[in-house]
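Heads up, the thing below is written out as structure tokens.
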Amino acid sequence: MKELSRRSFIMGGGTIAAATAAGLAGCTPAGTPSVAAGDVRLFVPPGEHDEYYMFASGGHSGQIFVIGVPSLRRIRTIPVFSQDSATGYGFDEHTKAMMGDFTWGDLHHPSLSETKGDYDGRFLFANDNANNRAAMIDLTTFQTKQIVGPIPNLMGPHSAVFVTPNTEYFMMGTRFSVPMDGAYYELDQYSAKYDGVMQAIAIDQATGFMTPAWQIKLPPWNYDLSDAGKGPSEGWAFMSTYNSEEASTLLEVNASKNETDYCMCINWKAAEQAVADGKYTEINGQKVIDPEKTEGVVYAIPAAKSPHGVDVTPDGKYFITNGKLAPICSVFSFEKMLKAIDAKDYLETKRGIPILNYESVLEAEVEAGLGPLHTQFGLDGWAYTTLFVDSTVAKWKIGEWKVVDTVAVQYSPGHSTAAEGDTVSPDGKYLVALNKLSTDRHLPVGPSHPENMQLVDLASDKMAVINEAPIDPEPHYAQTIKADKIKTIFVIPKDPSNPDSIWSEEEARIERNGSDVTVYALAVRSRFLPDVVQVNQGDNVTIHLTNIDLDQDITHGFAINLHNVNFEVQPGQTSTVKFTANKAGVFPYFCSNFCSALHQEMQGYLLVKPK
Amino acid sequence: MSAVSLSNEAQGGSAQAQESSDPGKKKVQPRHKKKFPTASRGLLIGGAILLLVSSFLPWWGLDLLAPQYPEGLSIIVYPDKLAGQGEYDIVNLNALNHYIGMDKISEAGFPELQYIKYIIWGMAALIVAVALLGSRKLAYIACALFVVGAAVGLYDMYHWLQTFGSNLAPDAPIIVPPFVPPMIGENHLANFTTYSSFRIGFFFLVASAVFVFVGTWGDKLWARKRA
């Protein structure tokens, strides 16, 4: 390892400690906000549309936030892993079944579908770090269409690879290691019995539907972030890891001891081939590849101290680990990596994984600043690295490897998202820093402040913060896609073949079969039919409701007083709710989503006859 | 068809030959009493084609604009169907119209949509026959049918506009005085401004009528001019 980088690790560590202490003491980093008041570059007049959609993960809110760029206006919140009474997500039978036993999730990384390494605007995938699931959102409706999982053998799939360049797979690696077979072992068995996992989920190209395909068993380290190779490196994936110490308690200290952890290099095409060749073991119904038994799938490169993000350059020639606890970005050459593998230039082999020689694979070390977390890309090889501790974004160029500009952001950015900034053809123009702290930036709302998004102008030579908006907890990663790539529909296509749907007032009816009552109902401006539903106490009631208003934005809600029932039907949508009429009495039901001039009159009565 | 047209031409040819070879024997007919010259037949065929084309085009339309509908809603009337600018315009118009108690607008509610197209095709066939046979009598019938058709058609339209605007359900949530939407021009109702107008198919109809009328009487006018 280079003497320089060794020195900078140590120096960096010391400076981080000082900076963090200062932060804890309540001081805010110096540097005046560089917002130019009334900047025309950010002005989107009323009625005009933004140039980009930004899809930000909502973290433990379990949602996706859809934000317009450059205005930073929040356009929509898409419930994914969490219930949302405003849309009835998690209240109607279909979405309840999708959510399974969980009412929340920790949505970390959104990932737009790609064709040839470029966003294609079809689907959005996301991971649930809490419950080992993945979700797919259809971008014609901005609705969650599928949740898979909990997937066996995984625990905390924080490390989303995003998608492979042609959306063959959505991949995610585990943050936590647990015994893979689900057996019980005490923590003193951690190194022997605990495993990390890399999960590949196959994507159906027509529908976007996901099927868990195969898994790679990995050492019990923590896998943090990842990115797919592209261009020359297509077929590979890169994943950062910390806790190569294999600590199981007080990770803050015990997982920060090694000077280097690893950047994992995974040949996913080789893994796919191994599965096709039957070189896998089945564990809990999952096809698991073990690198100790199957060579040529997993390699690792030492990377500076607990690296956080790993990012592949737009040309696919380099992959970069962001040091986190070291003030550098390590830039690895894919070509050199292949040569090192060919030459078996290994330092050692750990659990069947060849550890490549850092010096042999390294292209450059970029002295980025304190706490480098993530790197995004712009035009002409420009790269932008967020520095959590410095609270800046640093700009440097691929090939020159030197920071030429920094901009202060308020405060402590995690990820950032540049316009199409992780694709094969970034747009430049804008970058949004997703700051973890807003401290004094907005009107105070008590001890906890909102997160803070700041728009950085990339079009000028010198970066500047030109817009800012608070946001609910908590965007981690976000992706920013050119608005014209997304083609939404305005009405759910009328589907008379759906047996639950009705499309005319004549078809509205109540069917009884013993104590099972099924209501075929419709909502249309401004009435429900039927608008009287009489049942006996104890009946099992199913209500299928179709919104036959085939008009954009005419969404109806359906809420029943005192029944914890509320869901929406979008134009043309049919939804179903089931409940047992346990309470005798009279319960109005009403449209809960303002629909029309006579919305207030849109109601009915549920009459539950006492036993 | 070709056999008929060939024999017609042959007849026309022989009549001319007779005129020139033996002028004294046969009384010379005034030019306009004779069968149609080629130009007239061409106009008649043209009229038939225009008519045929019009049967596939919209004849009339109503555009509705409201603050909530910046892109507008439309009802577009074809000889055989109703359509909108958007797939669900008519569904949505009915949803809105029910607030004032207007009857549902649907293709099934207009029986004439079932047969207008065939009348048009029949007319076109008749005009083709006129052109081929050169029969003035048939031509006059065709012209008369045009006049009658136009009158009946316009009356039919007025009748429907009047019926929909006047027969409003008395228990409608919003009571508006009965009205007759204009056949052409602007009207206001609540938050809606409507613009009604004839559409391209109608102008094909008019053009067809002009062609057929000129085809029928044109040669007489030309003859008179010359004289």
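Convention: chains lettered A, B, ... in structure tokens order; per-chain residue numbering from 1; ligands numbered from 1 as shown.
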So that each row is one residue of chain B with an atom at most 7 Å from chain A, can you give its shortest atom pair and the distance in Å to one decimal, using only C-alpha atoms, rows by chain and rising number, as JSON lines?
{"residue": "B:Tyr88", "atom": "CA", "partner": "A:Leu550", "partner_atom": "CA", "distance": 6.2}
{"residue": "B:Asn92", "atom": "CA", "partner": "A:Asp551", "partner_atom": "CA", "distance": 6.3}
{"residue": "B:Ala95", "atom": "CA", "partner": "A:Arg525", "partner_atom": "CA", "distance": 6.5}
Serialized selection, all heavy atoms, as a CSV table (one decimal), in the first residue's frame:
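Written file, again_38.csv:
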chain,number,residue,atom,x,y,z
B,88,TYR,N,-62.3,8.5,-23.1
B,88,TYR,CA,-63.5,8.4,-22.2
B,88,TYR,C,-64.2,9.8,-22.1
B,88,TYR,O,-65.0,10.0,-21.1
B,88,TYR,CB,-63.0,8.0,-20.8
B,88,TYR,CG,-62.3,6.7,-20.7
B,88,TYR,CD1,-61.0,6.6,-20.4
B,88,TYR,CD2,-63.0,5.5,-21.1
B,88,TYR,CE1,-60.3,5.4,-20.3
B,88,TYR,CE2,-62.4,4.3,-21.0
B,88,TYR,CZ,-61.0,4.2,-20.7
B,88,TYR,OH,-60.4,3.0,-20.6
B,92,ASN,N,-67.2,10.7,-19.4
B,92,ASN,CA,-67.1,11.8,-18.5
B,92,ASN,C,-68.1,12.9,-18.6
B,92,ASN,O,-68.5,13.5,-17.7
B,92,ASN,CB,-65.6,12.4,-18.6
B,92,ASN,CG,-64.6,11.3,-18.2
B,92,ASN,OD1,-64.9,10.5,-17.3
B,92,ASN,ND2,-63.5,11.3,-18.9
B,95,ALA,N,-71.1,11.8,-17.0
B,95,ALA,CA,-70.9,11.9,-15.5
B,95,ALA,C,-71.2,13.3,-15.1
B,95,ALA,O,-71.8,13.6,-14.0
B,95,ALA,CB,-69.5,11.5,-15.1
Which of stretch 196-320 of chain A end up as strand (DSSP E or B) when DSSP is run on this backbone - answer as a VMD selection string? chain A and resid 196 to 203 210 to 218 222 to 228 236 to 242 260 to 267 281 to 283 286 to 289 298 to 304 310 to 312 318 to 320
Can you list, as a ChimeraX atom specification, every protein, DNA or RNA residue that comes within 7 Å of stretch 54-65 of chain B when you count only C-alpha atoms, leaving out same-chain residues fewer than 4 positions away? /B:50,69-70,72-79,117,120,192-202,204-205
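Among A:Ile216, A:Val163, A:Ile492, A:Met210, the residue with the shortest atom-to-atom distance to A:Ala134, counting only C-alpha atoms, is A:Met210.
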Neighbouring residues of stretch 373-375 of chain A were defined as those with any atom within 10 Å, considering only C-alpha atoms; residues of the same chain fewer than 2 positions away were excluded. Please report them as a count of residues only. 39
Please list as a PDB file with N, CA, C and O atoms, in the first residue's frame every residue within 10 Å of stretch 175-183 of chain B, counting only C-alpha atoms and excluding residues in the same chain fewer than 6 positions away.
ATOM      1  N   TRP B  60     -69.920  16.620 -37.215  1.00  0.00           N
ATOM      2  CA  TRP B  60     -70.247  17.728 -36.307  1.00  0.00           C
ATOM      3  C   TRP B  60     -69.553  17.467 -34.986  1.00  0.00           C
ATOM      4  O   TRP B  60     -69.240  16.320 -34.649  1.00  0.00           O
ATOM      5  N   GLY B  61     -69.295  18.530 -34.225  1.00  0.00           N
ATOM      6  CA  GLY B  61     -68.641  18.326 -32.938  1.00  0.00           C
ATOM      7  C   GLY B  61     -68.959  19.432 -31.964  1.00  0.00           C
ATOM      8  O   GLY B  61     -69.335  20.541 -32.350  1.00  0.00           O
ATOM      9  N   LEU B  62     -68.799  19.052 -30.706  1.00  0.00           N
ATOM     10  CA  LEU B  62     -69.025  19.999 -29.613  1.00  0.00           C
ATOM     11  C   LEU B  62     -67.797  19.918 -28.706  1.00  0.00           C
ATOM     12  O   LEU B  62     -67.463  18.838 -28.211  1.00  0.00           O
ATOM     13  N   TYR B  99     -75.494  15.815 -13.315  1.00  0.00           N
ATOM     14  CA  TYR B  99     -75.752  16.833 -12.276  1.00  0.00           C
ATOM     15  C   TYR B  99     -76.900  17.759 -12.666  1.00  0.00           C
ATOM     16  O   TYR B  99     -77.576  18.300 -11.815  1.00  0.00           O
ATOM     17  N   ILE B 100     -77.097  17.981 -13.987  1.00  0.00           N
ATOM     18  CA  ILE B 100     -78.212  18.837 -14.411  1.00  0.00           C
ATOM     19  C   ILE B 100     -79.372  17.989 -14.932  1.00  0.00           C
ATOM     20  O   ILE B 100     -80.339  18.520 -15.461  1.00  0.00           O
ATOM     21  N   GLY B 101     -79.264  16.678 -14.762  1.00  0.00           N
ATOM     22  CA  GLY B 101     -80.389  15.804 -15.102  1.00  0.00           C
ATOM     23  C   GLY B 101     -80.514  15.507 -16.584  1.00  0.00           C
ATOM     24  O   GLY B 101     -81.576  15.109 -17.056  1.00  0.00           O
ATOM     25  N   LEU B 154     -80.558  18.235 -40.773  1.00  0.00           N
ATOM     26  CA  LEU B 154     -80.468  19.418 -39.911  1.00  0.00           C
ATOM     27  C   LEU B 154     -81.589  19.405 -38.883  1.00  0.00           C
ATOM     28  O   LEU B 154     -81.378  19.739 -37.714  1.00  0.00           O
ATOM     29  N   MET B 157     -80.741  16.951 -36.151  1.00  0.00           N
ATOM     30  CA  MET B 157     -79.765  17.504 -35.212  1.00  0.00           C
ATOM     31  C   MET B 157     -80.419  18.454 -34.242  1.00  0.00           C
ATOM     32  O   MET B 157     -80.200  18.393 -33.028  1.00  0.00           O
ATOM     33  N   TYR B 158     -81.228  19.357 -34.784  1.00  0.00           N
ATOM     34  CA  TYR B 158     -81.911  20.324 -33.928  1.00  0.00           C
ATOM     35  C   TYR B 158     -82.786  19.589 -32.920  1.00  0.00           C
ATOM     36  O   TYR B 158     -82.784  19.904 -31.725  1.00  0.00           O
ATOM     37  N   HIS B 159     -83.467  18.566 -33.412  1.00  0.00           N
ATOM     38  CA  HIS B 159     -84.349  17.779 -32.549  1.00  0.00           C
ATOM     39  C   HIS B 159     -83.579  17.200 -31.373  1.00  0.00           C
ATOM     40  O   HIS B 159     -84.003  17.287 -30.222  1.00  0.00           O
ATOM     41  N   TRP B 160     -82.422  16.616 -31.633  1.00  0.00           N
ATOM     42  CA  TRP B 160     -81.649  16.014 -30.543  1.00  0.00           C
ATOM     43  C   TRP B 160     -81.107  17.068 -29.584  1.00  0.00           C
ATOM     44  O   TRP B 160     -81.126  16.878 -28.373  1.00  0.00           O
ATOM     45  N   LEU B 161     -80.611  18.153 -30.159  1.00  0.00           N
ATOM     46  CA  LEU B 161     -80.083  19.215 -29.285  1.00  0.00           C
ATOM     47  C   LEU B 161     -81.188  19.726 -28.364  1.00  0.00           C
ATOM     48  O   LEU B 161     -80.986  19.921 -27.166  1.00  0.00           O
ATOM     49  N   GLN B 162     -82.367  19.909 -28.976  1.00  0.00           N
ATOM     50  CA  GLN B 162     -83.501  20.411 -28.221  1.00  0.00           C
ATOM     51  C   GLN B 162     -83.926  19.383 -27.174  1.00  0.00           C
ATOM     52  O   GLN B 162     -84.179  19.723 -26.020  1.00  0.00           O
ATOM     53  N   THR B 163     -83.966  18.110 -27.572  1.00  0.00           N
ATOM     54  CA  THR B 163     -84.406  17.054 -26.651  1.00  0.00           C
ATOM     55  C   THR B 163     -83.468  16.947 -25.453  1.00  0.00           C
ATOM     56  O   THR B 163     -83.910  16.923 -24.308  1.00  0.00           O
ATOM     57  N   PHE B 164     -82.167  16.906 -25.725  1.00  0.00           N
ATOM     58  CA  PHE B 164     -81.210  16.753 -24.615  1.00  0.00           C
ATOM     59  C   PHE B 164     -81.211  17.982 -23.713  1.00  0.00           C
ATOM     60  O   PHE B 164     -81.066  17.861 -22.500  1.00  0.00           O
ATOM     61  N   GLY B 165     -81.358  19.147 -24.326  1.00  0.00           N
ATOM     62  CA  GLY B 165     -81.295  20.383 -23.530  1.00  0.00           C
ATOM     63  C   GLY B 165     -82.579  20.666 -22.757  1.00  0.00           C
ATOM     64  O   GLY B 165     -82.556  21.418 -21.788  1.00  0.00           O
ATOM     65  N   SER B 166     -83.678  20.071 -23.193  1.00  0.00           N
ATOM     66  CA  SER B 166     -84.968  20.438 -22.587  1.00  0.00           C
ATOM     67  C   SER B 166     -85.493  19.376 -21.630  1.00  0.00           C
ATOM     68  O   SER B 166     -86.168  19.691 -20.671  1.00  0.00           O
ATOM     69  N   ASN B 167     -85.213  18.098 -21.952  1.00  0.00           N
ATOM     70  CA  ASN B 167     -85.756  17.043 -21.086  1.00  0.00           C
ATOM     71  C   ASN B 167     -84.809  16.766 -19.933  1.00  0.00           C
ATOM     72  O   ASN B 167     -84.140  15.739 -19.897  1.00  0.00           O
ATOM     73  N   LEU B 168     -84.737  17.695 -19.020  1.00  0.00           N
ATOM     74  CA  LEU B 168     -83.833  17.532 -17.886  1.00  0.00           C
ATOM     75  C   LEU B 168     -84.631  16.967 -16.717  1.00  0.00           C
ATOM     76  O   LEU B 168     -85.756  17.396 -16.459  1.00  0.00           O
ATOM     77  N   ALA B 169     -84.034  15.987 -16.038  1.00  0.00           N
ATOM     78  CA  ALA B 169     -84.747  15.350 -14.923  1.00  0.00           C
ATOM     79  C   ALA B 169     -85.076  16.392 -13.866  1.00  0.00           C
ATOM     80  O   ALA B 169     -84.214  17.188 -13.488  1.00  0.00           O
ATOM     81  N   LEU B 189     -72.691  27.369 -19.989  1.00  0.00           N
ATOM     82  CA  LEU B 189     -73.532  26.698 -19.007  1.00  0.00           C
ATOM     83  C   LEU B 189     -72.651  26.387 -17.802  1.00  0.00           C
ATOM     84  O   LEU B 189     -71.678  25.646 -17.914  1.00  0.00           O
ATOM     85  N   ALA B 190     -73.008  26.983 -16.663  1.00  0.00           N
ATOM     86  CA  ALA B 190     -72.234  26.821 -15.430  1.00  0.00           C
ATOM     87  C   ALA B 190     -70.756  27.114 -15.704  1.00  0.00           C
ATOM     88  O   ALA B 190     -70.438  28.144 -16.280  1.00  0.00           O
ATOM     89  N   THR B 194     -69.104  26.054 -24.333  1.00  0.00           N
ATOM     90  CA  THR B 194     -69.107  25.048 -25.398  1.00  0.00           C
ATOM     91  C   THR B 194     -68.966  25.742 -26.751  1.00  0.00           C
ATOM     92  O   THR B 194     -69.429  26.868 -26.942  1.00  0.00           O
ATOM     93  N   TYR B 195     -68.323  25.056 -27.625  1.00  0.00           N
ATOM     94  CA  TYR B 195     -68.163  25.536 -28.998  1.00  0.00           C
ATOM     95  C   TYR B 195     -68.637  24.423 -29.919  1.00  0.00           C
ATOM     96  O   TYR B 195     -68.041  23.349 -29.927  1.00  0.00           O
ATOM     97  N   SER B 196     -69.711  24.691 -30.663  1.00  0.00           N
ATOM     98  CA  SER B 196     -70.157  23.659 -31.593  1.00  0.00           C
ATOM     99  C   SER B 196     -69.850  24.100 -33.015  1.00  0.00           C
ATOM    100  O   SER B 196     -69.881  25.285 -33.335  1.00  0.00           O
ATOM    101  N   SER B 197     -69.566  23.129 -33.829  1.00  0.00           N
ATOM    102  CA  SER B 197     -69.233  23.457 -35.222  1.00  0.00           C
ATOM    103  C   SER B 197     -69.348  22.216 -36.090  1.00  0.00           C
ATOM    104  O   SER B 197     -69.260  21.094 -35.602  1.00  0.00           O
ATOM    105  N   PHE B 198     -69.566  22.475 -37.393  1.00  0.00           N
ATOM    106  CA  PHE B 198     -69.498  21.380 -38.347  1.00  0.00           C
ATOM    107  C   PHE B 198     -68.045  21.007 -38.566  1.00  0.00           C
ATOM    108  O   PHE B 198     -67.159  21.852 -38.484  1.00  0.00           O
TER     109      PHE B 198
END
Using only C-alpha atoms, determine which residues lie at most 6 Å from stretch 85-88 of chain A, disregarding the query and same-chain residues fewer than 3 positions distant; provide the list as a ChimeraX atom specification. /A:91,566-568
Quick one: everything within 10 Å of A:Leu154, counting only C-alpha atoms, minus sequence neighbours fewer than 6 positions away in the same chain. Send it as a count of residues only. 22
Of the listed residues A:Gly428, A:Pro220, A:Gly117, A:Gly296, that which approaches A:Leu338 most closely, counting only C-alpha atoms: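 Among the listed residues, A:Gly296 lies closest to A:Leu338.
Distances from A:Thr580, A:Ser575, A:Gln479, A:Thr423 to A:Gly316 were compared using only C-alpha atoms, and the smallest one belongs to A:Thr423.
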If I take atom CA of A:Arg351 and atom CA of A:Phe162, how far is one from the other in Å, to one decimal?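 Between these atoms lies a distance of 26.0 Å.
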For atom CA of A:Val69 and atom CA of A:Ile554, quote the distance in Å rounded to one decimal. 26.4 Å
